[in-house]
$ cat upload16.cif   # mmCIF, C-alpha atoms
data_query
loop_
_atom_site.group_PDB
_atom_site.id
_atom_site.type_symbol
_atom_site.label_atom_id
_atom_site.label_comp_id
_atom_site.auth_asym_id
_atom_site.auth_seq_id
_atom_site.Cartn_x
_atom_site.Cartn_y
_atom_site.Cartn_z
ATOM 1 C CA MET F 24 -26.095 26.323 30.776
ATOM 2 C CA ALA F 25 -25.735 24.427 27.511
ATOM 3 C CA ARG F 26 -22.319 24.058 25.965
ATOM 4 C CA ALA F 27 -21.806 26.083 22.778
ATOM 5 C CA ALA F 28 -21.756 24.029 19.604
ATOM 6 C CA LEU F 29 -18.360 23.640 18.044
ATOM 7 C CA SER F 30 -17.723 24.584 14.456
ATOM 8 C CA ASP F 31 -16.753 21.916 11.943
ATOM 9 C CA ALA F 32 -13.252 23.420 11.868
ATOM 10 C CA GLU F 33 -12.938 23.175 15.665
ATOM 11 C CA VAL F 34 -14.094 19.561 15.641
ATOM 12 C CA GLU F 35 -11.655 18.670 12.858
ATOM 13 C CA ALA F 36 -8.770 20.472 14.614
ATOM 14 C CA PHE F 37 -9.398 18.523 17.827
ATOM 15 C CA ARG F 38 -9.660 15.246 15.900
ATOM 16 C CA ARG F 39 -6.298 15.949 14.190
ATOM 17 C CA LYS F 40 -4.651 16.718 17.552
ATOM 18 C CA THR F 41 -6.149 13.526 18.957
ATOM 19 C CA VAL F 42 -4.780 11.481 16.048
ATOM 20 C CA ARG F 43 -1.260 12.856 16.592
ATOM 21 C CA ALA F 44 -1.357 12.240 20.358
ATOM 22 C CA ALA F 45 -2.915 8.801 20.018
ATOM 23 C CA THR F 46 -0.386 7.798 17.352
ATOM 24 C CA ARG F 47 2.466 8.505 19.764
ATOM 25 C CA LEU F 48 0.775 6.626 22.602
ATOM 26 C CA PHE F 49 -0.247 3.594 20.538
ATOM 27 C CA ALA F 50 3.241 3.280 19.042
ATOM 28 C CA ALA F 51 4.957 3.627 22.416
ATOM 29 C CA GLN F 52 2.622 1.589 24.613
ATOM 30 C CA GLY F 53 0.559 -0.645 22.339
ATOM 31 C CA TYR F 54 -3.163 -0.737 21.829
ATOM 32 C CA SER F 55 -4.136 -2.490 25.064
ATOM 33 C CA ALA F 56 -2.165 -0.073 27.252
ATOM 34 C CA VAL F 57 -3.712 3.104 25.827
ATOM 35 C CA THR F 58 -6.945 4.448 27.288
ATOM 36 C CA LEU F 59 -9.083 7.437 26.386
ATOM 37 C CA ARG F 60 -8.025 8.891 29.743
ATOM 38 C CA ALA F 61 -4.351 8.602 28.681
ATOM 39 C CA ILE F 62 -5.141 10.224 25.345
ATOM 40 C CA ALA F 63 -6.956 13.056 27.158
ATOM 41 C CA ALA F 64 -3.951 13.521 29.478
ATOM 42 C CA GLU F 65 -1.623 13.649 26.466
ATOM 43 C CA LEU F 66 -3.871 16.341 24.980
ATOM 44 C CA GLY F 67 -4.170 18.260 28.261
ATOM 45 C CA THR F 68 -7.973 17.996 28.226
ATOM 46 C CA SER F 69 -10.580 16.573 30.548
ATOM 47 C CA PRO F 70 -10.928 12.774 30.550
ATOM 48 C CA MET F 71 -14.356 13.089 28.918
ATOM 49 C CA ALA F 72 -13.283 15.395 26.051
ATOM 50 C CA PRO F 73 -12.391 12.627 23.561
ATOM 51 C CA TYR F 74 -15.888 11.169 23.955
ATOM 52 C CA ARG F 75 -17.341 14.332 22.377
ATOM 53 C CA TYR F 76 -15.453 13.519 19.168
ATOM 54 C CA PHE F 77 -15.133 9.716 19.098
ATOM 55 C CA ASP F 78 -17.379 6.830 20.115
ATOM 56 C CA ASN F 79 -14.549 4.844 21.685
ATOM 57 C CA LYS F 80 -10.867 3.952 21.571
ATOM 58 C CA ALA F 81 -11.366 1.665 18.560
ATOM 59 C CA ALA F 82 -12.754 4.610 16.566
ATOM 60 C CA ILE F 83 -9.688 6.699 17.424
ATOM 61 C CA PHE F 84 -7.348 3.868 16.533
ATOM 62 C CA ALA F 85 -9.092 3.293 13.190
ATOM 63 C CA LEU F 86 -8.691 6.982 12.356
ATOM 64 C CA VAL F 87 -5.042 6.909 13.456
ATOM 65 C CA ARG F 88 -4.376 3.955 11.158
ATOM 66 C CA ALA F 89 -6.368 5.441 8.264
ATOM 67 C CA GLU F 90 -4.415 8.686 8.465
ATOM 68 C CA ALA F 91 -1.084 6.847 8.562
ATOM 69 C CA TYR F 92 -2.075 4.731 5.560
ATOM 70 C CA ARG F 93 -3.299 7.844 3.711
ATOM 71 C CA ARG F 94 0.040 9.567 4.114
ATOM 72 C CA PHE F 95 1.925 6.387 3.238
ATOM 73 C CA ALA F 96 -0.221 5.758 0.135
ATOM 74 C CA ASN F 97 0.275 9.360 -0.997
ATOM 75 C CA GLU F 98 4.038 8.913 -0.834
ATOM 76 C CA GLN F 99 3.902 5.579 -2.650
ATOM 77 C CA GLU F 100 1.718 7.031 -5.402
ATOM 78 C CA ALA F 101 3.993 10.068 -5.767
ATOM 79 C CA ALA F 102 7.052 7.827 -6.042
ATOM 80 C CA ALA F 103 5.325 5.678 -8.667
ATOM 81 C CA ALA F 104 4.316 8.747 -10.673
ATOM 82 C CA ALA F 105 7.865 10.116 -10.663
ATOM 83 C CA SER F 106 9.077 7.726 -13.366
ATOM 84 C CA SER F 107 7.647 6.088 -16.454
ATOM 85 C CA ASP F 108 10.346 3.396 -16.414
ATOM 86 C CA PRO F 109 8.872 0.310 -14.682
ATOM 87 C CA LEU F 110 12.061 -0.736 -12.879
ATOM 88 C CA GLU F 111 12.901 2.826 -11.846
ATOM 89 C CA ARG F 112 9.336 3.165 -10.513
ATOM 90 C CA LEU F 113 9.823 0.131 -8.263
ATOM 91 C CA PHE F 114 13.156 1.483 -6.987
ATOM 92 C CA ARG F 115 11.567 4.871 -6.227
ATOM 93 C CA MET F 116 8.731 3.196 -4.392
ATOM 94 C CA ARG F 117 11.193 1.143 -2.347
ATOM 95 C CA GLU F 118 13.024 4.334 -1.404
ATOM 96 C CA ALA F 119 9.756 6.089 -0.493
ATOM 97 C CA TYR F 120 8.720 3.117 1.668
ATOM 98 C CA VAL F 121 11.972 3.197 3.637
ATOM 99 C CA LYS F 122 11.972 6.992 3.964
ATOM 100 C CA PHE F 123 8.406 6.967 5.282
ATOM 101 C CA ALA F 124 9.208 4.319 7.886
ATOM 102 C CA LEU F 125 12.348 6.106 9.067
ATOM 103 C CA LYS F 126 10.765 9.565 9.088
ATOM 104 C CA HIS F 127 7.473 8.403 10.653
ATOM 105 C CA PRO F 128 8.298 5.369 12.823
ATOM 106 C CA ASP F 129 5.246 5.858 15.060
ATOM 107 C CA GLU F 130 2.872 5.782 12.101
ATOM 108 C CA TYR F 131 4.707 2.795 10.653
ATOM 109 C CA ARG F 132 4.355 0.875 13.909
ATOM 110 C CA VAL F 133 0.670 1.743 14.187
ATOM 111 C CA MET F 134 0.057 0.547 10.619
ATOM 112 C CA PHE F 135 1.931 -2.734 10.865
ATOM 113 C CA GLU F 136 3.108 -3.766 14.320
ATOM 114 C CA LEU F 137 0.105 -3.567 16.637
ATOM 115 C CA ALA F 138 -2.754 -6.028 16.987
ATOM 116 C CA GLN F 139 -5.336 -4.880 14.494
ATOM 117 C CA GLU F 140 -9.076 -5.185 14.069
ATOM 118 C CA PRO F 141 -10.173 -6.098 10.546
ATOM 119 C CA GLU F 142 -9.913 -3.067 8.280
ATOM 120 C CA GLU F 143 -13.300 -3.801 6.739
ATOM 121 C CA ARG F 144 -14.987 -2.542 9.924
ATOM 122 C CA ASN F 145 -13.920 0.964 8.943
ATOM 123 C CA PRO F 146 -14.420 1.933 5.271
ATOM 124 C CA ARG F 147 -11.931 4.816 5.376
ATOM 125 C CA LEU F 148 -9.246 2.620 6.880
ATOM 126 C CA ALA F 149 -9.902 -0.143 4.345
ATOM 127 C CA ARG F 150 -9.763 2.339 1.450
ATOM 128 C CA GLU F 151 -6.449 3.899 2.527
ATOM 129 C CA SER F 152 -4.827 0.550 3.305
ATOM 130 C CA HIS F 153 -5.807 -0.829 -0.094
ATOM 131 C CA ARG F 154 -4.515 2.333 -1.814
ATOM 132 C CA ALA F 155 -1.092 1.706 -0.302
ATOM 133 C CA PHE F 156 -0.899 -1.816 -1.676
ATOM 134 C CA GLU F 157 -2.507 -0.983 -5.035
ATOM 135 C CA ALA F 158 0.285 1.466 -5.862
ATOM 136 C CA LEU F 159 2.791 -1.375 -5.598
ATOM 137 C CA ASN F 160 0.501 -3.832 -7.350
ATOM 138 C CA ASP F 161 0.119 -1.423 -10.298
ATOM 139 C CA ALA F 162 3.879 -0.862 -10.483
ATOM 140 C CA VAL F 163 4.536 -4.619 -10.507
ATOM 141 C CA LYS F 164 1.942 -5.088 -13.246
ATOM 142 C CA SER F 165 3.679 -2.417 -15.342
ATOM 143 C CA ALA F 166 7.022 -4.147 -14.820
ATOM 144 C CA ILE F 167 5.559 -7.503 -15.901
ATOM 145 C CA ASP F 168 3.863 -5.915 -18.924
ATOM 146 C CA ALA F 169 7.207 -4.360 -19.902
ATOM 147 C CA GLY F 170 9.015 -7.691 -19.559
ATOM 148 C CA VAL F 171 11.147 -6.525 -16.628
ATOM 149 C CA LEU F 172 9.587 -9.086 -14.258
ATOM 150 C CA GLU F 173 7.917 -12.440 -14.802
ATOM 151 C CA GLY F 174 5.222 -14.081 -12.736
ATOM 152 C CA ASP F 175 1.942 -13.405 -10.993
ATOM 153 C CA VAL F 176 1.355 -9.725 -10.182
ATOM 154 C CA THR F 177 -0.120 -10.244 -6.722
ATOM 155 C CA THR F 178 2.455 -12.836 -5.681
ATOM 156 C CA ILE F 179 5.384 -10.634 -6.725
ATOM 157 C CA ALA F 180 3.856 -7.556 -5.082
ATOM 158 C CA HIS F 181 3.381 -9.475 -1.825
ATOM 159 C CA LEU F 182 6.939 -10.821 -1.960
ATOM 160 C CA LEU F 183 8.404 -7.354 -2.550
ATOM 161 C CA TRP F 184 6.271 -5.820 0.197
ATOM 162 C CA ALA F 185 7.028 -8.590 2.700
ATOM 163 C CA THR F 186 10.762 -8.460 2.052
ATOM 164 C CA LEU F 187 10.945 -4.696 2.401
ATOM 165 C CA HIS F 188 8.647 -4.709 5.421
ATOM 166 C CA GLY F 189 10.822 -7.301 7.136
ATOM 167 C CA MET F 190 14.016 -5.345 6.537
ATOM 168 C CA VAL F 191 12.488 -2.039 7.702
ATOM 169 C CA SER F 192 10.908 -3.633 10.786
ATOM 170 C CA LEU F 193 14.219 -5.211 11.767
ATOM 171 C CA HIS F 194 15.971 -1.876 11.313
ATOM 172 C CA LEU F 195 13.389 -0.043 13.435
ATOM 173 C CA ALA F 196 13.689 -2.718 16.129
ATOM 174 C CA GLY F 197 17.416 -2.081 16.292
#

$ encode --input "upload16.cif" --output "structure tokens"
Amino acid sequence: MARAALSDAEVEAFRRKTVRAATRLFAAQGYSAVTLRAIAAELGTSPMAPYRYFDNKAAIFALVRAEAYRRFANEQEAAAAASSDPLERLFRMREAYVKFALKHPDEYRVMFELAQEPEERNPRLARESHRAFEALNDAVKSAIDAGVLEGDVTTIAHLLWATLHGMVSLHLAG
């Protein structure tokens, strides 16, 4: 007997559950230690169930990362939009960055601490990752245009990001 086709809503609901379960596993065990069988066990489904929704583990991981970056970028953009003052905008974005990392440490680890395939292999992942950095880049440009900062936009944005990332990663590592 043929299996009944799932509705788009059912497929999307399973994919969201898979992303949440896989995020926890990837953050706790690392990419190489996580299998589709482990993800299925975490979900309480048959070992073959994830294959109905994803081609392979890499596809799940790309979606996990894209979703984490989407949420992170949304928070960065909201923080940037909360102030028209260029320096205040940067401070709000710093606060949003730290809050996201502390509130969502699994997502943070998945985004930044695990061995990663190039983002360009997955357009959604590349788009969300770039959104996260562009929010900071735009805020730095505004600060330079206003005379609050001096220098190259991209260099300053990378320095701010790297400094904050280092501090947050050290904090999360204990």

$ resolve_selection --input "upload16.cif" --expression "the PyMOL selection byres ((chain F and resi 114-119) around 8)" --output "list in words"
Glu98, Gln99, Ala102, Ala103, Ala105, Leu110, Glu111, Arg112, Leu113, Tyr120, Val121, Lys122, Phe123, Leu159 and Leu187 of chain F

$ write_last_selection --input "upload16.cif" --atoms "C-alpha atoms" --output "PDB file, in the coordinates of the input"
ATOM      1  CA  GLU F  98       4.038   8.913  -0.834  1.00  0.00           C
ATOM      2  CA  GLN F  99       3.902   5.579  -2.650  1.00  0.00           C
ATOM      3  CA  ALA F 102       7.052   7.827  -6.042  1.00  0.00           C
ATOM      4  CA  ALA F 103       5.325   5.678  -8.667  1.00  0.00           C
ATOM      5  CA  ALA F 105       7.865  10.116 -10.663  1.00  0.00           C
ATOM      6  CA  LEU F 110      12.061  -0.736 -12.879  1.00  0.00           C
ATOM      7  CA  GLU F 111      12.901   2.826 -11.846  1.00  0.00           C
ATOM      8  CA  ARG F 112       9.336   3.165 -10.513  1.00  0.00           C
ATOM      9  CA  LEU F 113       9.823   0.131  -8.263  1.00  0.00           C
ATOM     10  CA  TYR F 120       8.720   3.117   1.668  1.00  0.00           C
ATOM     11  CA  VAL F 121      11.972   3.197   3.637  1.00  0.00           C
ATOM     12  CA  LYS F 122      11.972   6.992   3.964  1.00  0.00           C
ATOM     13  CA  PHE F 123       8.406   6.967   5.282  1.00  0.00           C
ATOM     14  CA  LEU F 159       2.791  -1.375  -5.598  1.00  0.00           C
ATOM     15  CA  LEU F 187      10.945  -4.696   2.401  1.00  0.00           C
TER      16      LEU F 187
END

$ residues_around --input "upload16.cif" --residues "Phe156 of chain F" --least-positions-apart "5" --cutoff "10 Å" --atoms "all atoms listed in the file" --output "PDB file with C-alpha atoms, in the coordinates of the input"
ATOM      1  CA  TYR F  92      -2.075   4.731   5.560  1.00  0.00           C
ATOM      2  CA  PHE F  95       1.925   6.387   3.238  1.00  0.00           C
ATOM      3  CA  ALA F  96      -0.221   5.758   0.135  1.00  0.00           C
ATOM      4  CA  GLN F  99       3.902   5.579  -2.650  1.00  0.00           C
ATOM      5  CA  GLU F 100       1.718   7.031  -5.402  1.00  0.00           C
ATOM      6  CA  GLU F 151      -6.449   3.899   2.527  1.00  0.00           C
ATOM      7  CA  ASP F 161       0.119  -1.423 -10.298  1.00  0.00           C
ATOM      8  CA  THR F 177      -0.120 -10.244  -6.722  1.00  0.00           C
ATOM      9  CA  ALA F 180       3.856  -7.556  -5.082  1.00  0.00           C
ATOM     10  CA  HIS F 181       3.381  -9.475  -1.825  1.00  0.00           C
ATOM     11  CA  TRP F 184       6.271  -5.820   0.197  1.00  0.00           C
TER      12      TRP F 184
END

$ residues_near_point --input "upload16.cif" --point "(-14.1, 12.9, 22.6)" --cutoff "10 Å" --atoms "all atoms listed in the file" --output "list in words"
Val34, Phe37, Arg38, Thr41, Leu59, Ile62, Ala63, Thr68, Ser69, Pro70, Met71, Ala72, Pro73, Tyr74, Arg75, Tyr76, Phe77, Asp78, Asn79, Lys80 and Ile83 of chain F

$ atom_distance --input "upload16.cif" --atom1 "atom CA of Tyr131 of chain F" --atom2 "atom CA of Pro109 of chain F"
25.8 Å

$ residues_around --input "upload16.cif" --residues "Glu130 of chain F" --least-positions-apart "4" --cutoff "7 Å" --atoms "all atoms listed in the file" --output "PyMOL selection string"
chain F and resi 46+91+134

$ axis_aligned_box --input "upload16.cif" --around "segment 94-101 of chain F" --padding-each-side "4 Å" --output "lines of an AutoDock Vina configuration file"
center_x = 1.9
center_y = 7.8
center_z = -0.8
size_x = 12.3
size_y = 12.5
size_z = 17.9

$ resolve_selection --input "upload16.cif" --expression "the PyMOL selection byres ((chain F and resi 84) around 9)" --output "MDAnalysis selection string"
chainID F and resid 42 45:46 49 54 79:83 85:89 133

$ build_atoms --input "upload16.cif" --residues "segment 109-120 of chain F" --atoms "all heavy atoms" --output "mmCIF file, in the frame of the given file"
data_model
loop_
_atom_site.group_PDB
_atom_site.id
_atom_site.type_symbol
_atom_site.label_atom_id
_atom_site.label_comp_id
_atom_site.auth_asym_id
_atom_site.auth_seq_id
_atom_site.Cartn_x
_atom_site.Cartn_y
_atom_site.Cartn_z
ATOM 1 N N PRO F 109 9.425 1.231 -15.682
ATOM 2 C CA PRO F 109 8.872 0.310 -14.682
ATOM 3 C C PRO F 109 9.843 -0.078 -13.571
ATOM 4 O O PRO F 109 9.457 -0.130 -12.398
ATOM 5 C CB PRO F 109 8.473 -0.916 -15.501
ATOM 6 C CG PRO F 109 8.310 -0.418 -16.884
ATOM 7 C CD PRO F 109 9.274 0.715 -17.042
ATOM 8 N N LEU F 110 11.095 -0.340 -13.913
ATOM 9 C CA LEU F 110 12.061 -0.736 -12.879
ATOM 10 C C LEU F 110 12.420 0.452 -11.996
ATOM 11 O O LEU F 110 12.483 0.330 -10.761
ATOM 12 C CB LEU F 110 13.311 -1.339 -13.531
ATOM 13 C CG LEU F 110 14.271 -2.053 -12.602
ATOM 14 C CD1 LEU F 110 13.564 -3.154 -11.811
ATOM 15 C CD2 LEU F 110 15.430 -2.638 -13.400
ATOM 16 N N GLU F 111 12.612 1.609 -12.611
ATOM 17 C CA GLU F 111 12.901 2.826 -11.846
ATOM 18 C C GLU F 111 11.744 3.140 -10.893
ATOM 19 O O GLU F 111 11.961 3.558 -9.760
ATOM 20 C CB GLU F 111 13.131 4.003 -12.797
ATOM 21 C CG GLU F 111 13.346 5.336 -12.117
ATOM 22 C CD GLU F 111 14.661 5.466 -11.390
ATOM 23 O OE1 GLU F 111 15.601 4.693 -11.678
ATOM 24 O OE2 GLU F 111 14.766 6.350 -10.518
ATOM 25 N N ARG F 112 10.523 2.930 -11.346
ATOM 26 C CA ARG F 112 9.336 3.165 -10.513
ATOM 27 C C ARG F 112 9.399 2.291 -9.261
ATOM 28 O O ARG F 112 9.156 2.762 -8.141
ATOM 29 C CB ARG F 112 8.077 2.861 -11.319
ATOM 30 C CG ARG F 112 6.796 3.163 -10.572
ATOM 31 C CD ARG F 112 5.554 2.908 -11.420
ATOM 32 N NE ARG F 112 5.608 3.696 -12.629
ATOM 33 C CZ ARG F 112 5.398 3.207 -13.857
ATOM 34 N NH1 ARG F 112 5.103 1.944 -14.034
ATOM 35 N NH2 ARG F 112 5.479 3.987 -14.911
ATOM 36 N N LEU F 113 9.727 1.031 -9.421
ATOM 37 C CA LEU F 113 9.823 0.131 -8.263
ATOM 38 C C LEU F 113 10.930 0.571 -7.305
ATOM 39 O O LEU F 113 10.756 0.530 -6.079
ATOM 40 C CB LEU F 113 10.052 -1.308 -8.716
ATOM 41 C CG LEU F 113 8.846 -1.987 -9.364
ATOM 42 C CD1 LEU F 113 9.261 -3.308 -10.013
ATOM 43 C CD2 LEU F 113 7.736 -2.208 -8.347
ATOM 44 N N PHE F 114 12.066 1.009 -7.850
ATOM 45 C CA PHE F 114 13.156 1.483 -6.987
ATOM 46 C C PHE F 114 12.736 2.744 -6.218
ATOM 47 O O PHE F 114 13.039 2.890 -5.033
ATOM 48 C CB PHE F 114 14.419 1.755 -7.790
ATOM 49 C CG PHE F 114 15.108 0.512 -8.286
ATOM 50 C CD1 PHE F 114 15.711 0.497 -9.537
ATOM 51 C CD2 PHE F 114 15.172 -0.648 -7.528
ATOM 52 C CE1 PHE F 114 16.349 -0.642 -10.012
ATOM 53 C CE2 PHE F 114 15.799 -1.787 -7.982
ATOM 54 C CZ PHE F 114 16.396 -1.779 -9.229
ATOM 55 N N ARG F 115 12.031 3.650 -6.894
ATOM 56 C CA ARG F 115 11.567 4.871 -6.227
ATOM 57 C C ARG F 115 10.549 4.549 -5.121
ATOM 58 O O ARG F 115 10.557 5.169 -4.064
ATOM 59 C CB ARG F 115 10.956 5.841 -7.234
ATOM 60 C CG ARG F 115 11.986 6.525 -8.107
ATOM 61 C CD ARG F 115 11.298 7.421 -9.137
ATOM 62 N NE ARG F 115 12.250 8.016 -10.036
ATOM 63 C CZ ARG F 115 12.754 9.234 -9.883
ATOM 64 N NH1 ARG F 115 12.375 9.970 -8.866
ATOM 65 N NH2 ARG F 115 13.620 9.708 -10.758
ATOM 66 N N MET F 116 9.707 3.581 -5.402
ATOM 67 C CA MET F 116 8.731 3.196 -4.392
ATOM 68 C C MET F 116 9.403 2.544 -3.187
ATOM 69 O O MET F 116 9.001 2.773 -2.041
ATOM 70 C CB MET F 116 7.680 2.267 -5.006
ATOM 71 C CG MET F 116 6.788 2.986 -6.011
ATOM 72 S SD MET F 116 5.614 1.886 -6.788
ATOM 73 C CE MET F 116 4.468 1.676 -5.417
ATOM 74 N N ARG F 117 10.428 1.742 -3.446
ATOM 75 C CA ARG F 117 11.193 1.143 -2.347
ATOM 76 C C ARG F 117 11.801 2.245 -1.481
ATOM 77 O O ARG F 117 11.718 2.216 -0.250
ATOM 78 C CB ARG F 117 12.288 0.239 -2.904
ATOM 79 C CG ARG F 117 13.198 -0.326 -1.814
ATOM 80 C CD ARG F 117 14.436 -0.960 -2.374
ATOM 81 N NE ARG F 117 15.241 0.038 -3.066
ATOM 82 C CZ ARG F 117 16.248 -0.234 -3.890
ATOM 83 N NH1 ARG F 117 16.570 -1.476 -4.147
ATOM 84 N NH2 ARG F 117 16.928 0.721 -4.452
ATOM 85 N N GLU F 118 12.402 3.227 -2.134
ATOM 86 C CA GLU F 118 13.024 4.334 -1.404
ATOM 87 C C GLU F 118 11.976 5.117 -0.598
ATOM 88 O O GLU F 118 12.213 5.469 0.559
ATOM 89 C CB GLU F 118 13.732 5.266 -2.389
ATOM 90 C CG GLU F 118 14.489 6.379 -1.718
ATOM 91 C CD GLU F 118 15.258 7.232 -2.715
ATOM 92 O OE1 GLU F 118 15.709 6.701 -3.745
ATOM 93 O OE2 GLU F 118 15.392 8.434 -2.456
ATOM 94 N N ALA F 119 10.819 5.361 -1.194
ATOM 95 C CA ALA F 119 9.756 6.089 -0.493
ATOM 96 C C ALA F 119 9.254 5.300 0.716
ATOM 97 O O ALA F 119 8.951 5.877 1.763
ATOM 98 C CB ALA F 119 8.609 6.395 -1.454
ATOM 99 N N TYR F 120 9.165 3.983 0.577
ATOM 100 C CA TYR F 120 8.720 3.117 1.668
ATOM 101 C C TYR F 120 9.678 3.266 2.857
ATOM 102 O O TYR F 120 9.262 3.496 3.988
ATOM 103 C CB TYR F 120 8.682 1.675 1.180
ATOM 104 C CG TYR F 120 8.104 0.674 2.160
ATOM 105 C CD1 TYR F 120 6.870 0.091 1.924
ATOM 106 C CD2 TYR F 120 8.798 0.282 3.303
ATOM 107 C CE1 TYR F 120 6.333 -0.849 2.801
ATOM 108 C CE2 TYR F 120 8.272 -0.646 4.180
ATOM 109 C CZ TYR F 120 7.043 -1.203 3.930
ATOM 110 O OH TYR F 120 6.525 -2.122 4.805
#
